[in-house]
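First comes the structure, then the notes that go with it.
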Amino acid sequence: MGASHSIPLTTDTITLLHSNPRTTLFCQSRLQNPVFRLNPTNRIFKTQLKTMSQTSQVVPVNGGKVVVRETQDESSSRPINVDGIDQEVVDKMVYDALVWSSIHGLVVGDRSVKRSSTVPGVGMVHAPFALLPMPFPESQLKQAYDLAPIFNELVDQVSLDAKFLQDSLSRTKKADPFTSRLLDIHAKMLEINKKEEIRLGLHRSDYMLDEQTKLLLQIEMNTISSSFAGLSGLVGKLHRSLLSKYGEILGLNSKRIPDNAAVGQFSAALAKAWTEYNNPRAAVLFVVQAEERNMYDQHWLSVTLKEKYNISSSRKTLAEIDAEGELLPDGTLVVGGQIIGIVYFRAGYTPNDYPSESEWRARLLMEQSSAIKCPSISYHLAGTKKVQQELAKPNVLERFLDSKEDIAKLRKCFAGLWSLDDSDIVRKAIEMPELFVMKPQREGGGNNIYGNDVRETLIKLQKEGSEADAAYILMQRLFPAVSPTFLIREGICYKEDTISELGVYGAYLRNNENVILNDQCGYLMRTKVSSSDEGGVAAGFAVLDSLYLT
């Protein structure tokens with residue numbers, strides 16, 4: 001049984017989804033190996049690892065198939081019995097689901113059509129999705145929703161502490177050129193005393209539900225380009241539509257699928273920020289990649305802004321912003337002759353988005369402007385893996401939050417996080433790499449290191465004896481429950497053993513001392529095949545999903 005952190009469903013993953021990988025029903029490639037379970041604790045991390053290693057256990061395998069442990073815990077979420085569904089019913093559901101997706105805009109660009117990533121309406125295909133919602137404890141969803149405003153406030157407070165950001169990332173700066181460039185922009189803003197009086201955050205905190213302990217543990221906090229607010233709510237509507245027709249046959253109630261108004265709430269947050277900017281001629285600028293197969297997720301936001309709030313938007317790449325952008329003497333950002341009130345980043349989170357100095361000039365230009373940045377450079381840095389690891393250290397949250405109750409809630413959801421300058425942890429990770437994930441300072445998925453590659457990478461870094469280890473952190477590997485379900489891609493239904501990851505959106509808007517908005521904004525459920533290859537890159541594919549509350 002494999003497990004993976006941060007199930008990526010980005011543009012790169014959509015490329016994977018619409019390629020034609022060899023898919024085996026009920027993949028069992030790793031089940032011959034012992035599978036370890038982690039008991040997360042809230043103790044200091046060296047003690048935590050000791051506890052983890054002592055309580056690791058092998059999950060029994062039976063005939064090469066995963067044995068999902070039954071539990072008497074009242075918050076448990078038992079899988080839907082997909083084996084008991086008649087094939088004729090499945091076929092009818094798949095057909096109805098494909099029709100629904102096509103006419104309701106649950107679509108992405110088809111990678112087999114060259115212009116699908118640049119021209120709207122050309123080469124559309126349904127977004128990959130699960131045929132049935134995933135059972136999930138209602139109490140854990142409430143916990144994740146309750147955490148969202150606390151994490152929003154934490155990001156804001158961290159963003160204001162320039163010394164903490166620079167100090168936390170100082171070693172990383174030497175090892176990672178991309179983080180170094182971001183820090184350089186941050187430092188330049190400090191030099192010119194640039195203040196972000198209006199601060200807007202559209203975040204997403206990602207979690208997995210640990211199978212053994214039933215604890216909801218955070219994987220990461222995304223502060224830039226938190227995607228799929230546009231499409232995630234559609235999946236819940238799709239599943240409610242299917243259960244309204246087939247629910248009696250399946251023994252499922254469509255009312256157990258929670259509402260998910262992520263696109264409406266993100267749009268409302270952008271509209272409130274636009275109002276605070278206080279220029280009716282201003283537009284929202286979507287900063288996008290040159291080729292974007294996930295453009296329709298973004299268009300759901302821009303269309304909602306126009307239809308509901310009469311706010312115009314434009315889409316530009318970083319290169320286009322460099323060519324067309326200028327700052328007026330008062331700091332107003334103008335791009336292509338249009339005043340920009342909000343810069344909303346759906347690109348700029350990966351080195352691939354900065355192939356030349358042109359893109360870096362555009363990023364600096366926008367940071368220097370009076371436009372509201374979502375995120376600002378400070379918010380961007382506050383969401384890095386290294387800052388996440390620093391915040392998990394003892395007594396660090398107290399630097400930013402006053403409420404002991406809020407601090408306790410955050411600590412309860414922290415998984416084990418360590419710096420590679422901790423020699424004891426590195427030794428443990430070399431001895432038991434299956435208990436760890438190595439994470440670089442990258443967003444967008446597909447960058448993490450798993451299994452034996454953790455050992456090999458750590459040994460290589462030790463031999464090099466350089467600062468290169470500062471580009472990574474170590475994280476406790478999480479093992480969520482495995483359940484069989486149906487995954488749909490390119491009109492084909494696959495029956496797979498899967499694991500899922502919950503993301504909870506949050507919006508935060510502040511004008512100086514006035515907090516205008518701080519709330520959760522719905523969820524993103526992603527499901528993927530449970531197996532993973534020896535290199536640690538997820539084998540199979542991730543799909544959009546919804547929740548069935550238990």
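By order of appearance in the structure tokens: chains A, B, ..., then residues from 1 within every chain, and ligands from 1 in the order shown.
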Practice prompt. Write out as a PyMOL selection string all residues of segment 157-361 of chain A that DSSP puts in strand (DSSP E) for this structure's backbone.
Written response: chain A and resi 198-209+216-222+283-287+313-316+325-327+333-335+338-345
Do you know which residues are at most 10 Å from Met525 of chain A counting only C-alpha atoms, after dropping those on the same chain fewer than 2 positions away, and could you put them as JSON, numbers by chain?
{"A": [7, 130, 133, 134, 206, 207, 228, 232, 233, 235, 236, 500, 501, 502, 503, 504, 523, 527, 543, 544, 545, 546, 547]}
Kindly indicate which residue among A:Thr550, A:Tyr450, A:Thr223, A:Cys413 lies nearest to Asp210 of chain A, using only C-alpha atoms for the distances.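 Among A:Thr550, A:Tyr450, A:Thr223, A:Cys413, it is A:Cys413 that comes nearest to Asp210 of chain A.
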Need the shell around Arg199 of chain A: protein/DNA/RNA residues with any atom at most 10 Å away, counting only C-alpha atoms. Skip same-chain ones fewer than 5 positions apart. Format as an mmCIF file with C-alpha atoms, in the first residue's frame?
```
data_model
loop_
_atom_site.group_PDB
_atom_site.id
_atom_site.type_symbol
_atom_site.label_atom_id
_atom_site.label_comp_id
_atom_site.auth_asym_id
_atom_site.auth_seq_id
_atom_site.Cartn_x
_atom_site.Cartn_y
_atom_site.Cartn_z
ATOM 1 C CA ASP A 156 -1.003 37.240 7.709
ATOM 2 C CA SER A 159 3.935 37.871 6.417
ATOM 3 C CA ALA A 273 -10.871 43.434 -2.200
ATOM 4 C CA ILE A 372 -3.494 44.380 -4.211
ATOM 5 C CA LYS A 373 -1.394 41.265 -4.696
ATOM 6 C CA CYS A 374 -2.899 37.800 -4.165
ATOM 7 C CA PRO A 375 -0.482 36.792 -2.866
ATOM 8 C CA SER A 376 2.048 39.469 -2.009
ATOM 9 C CA TYR A 379 2.353 35.831 1.667
ATOM 10 C CA TYR A 508 -8.552 36.574 4.287
ATOM 11 C CA LEU A 509 -8.930 40.284 3.562
ATOM 12 C CA ARG A 510 -7.527 43.062 5.697
ATOM 13 C CA ASN A 511 -7.250 46.826 5.243
ATOM 14 C CA ASN A 512 -4.716 48.052 7.783
ATOM 15 C CA VAL A 515 -10.148 42.535 9.147
#
```
request  = Kindly indicate which residue among A:Thr457, A:Ser419, A:Asn294, A:Gln338 lies nearest to Arg111 of chain A, using only C-alpha atoms for the distances.
outcome  =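 Among the listed residues, A:Asn294 lies closest to Arg111 of chain A.
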Fill in: Length of the atom CA of Asp96 of chain A to atom CA of Val113 of chain A vector [Å]
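Spanning atom CA of Asp96 of chain A to atom CA of Val113 of chain A is a straight-line distance of 24.5 Å.
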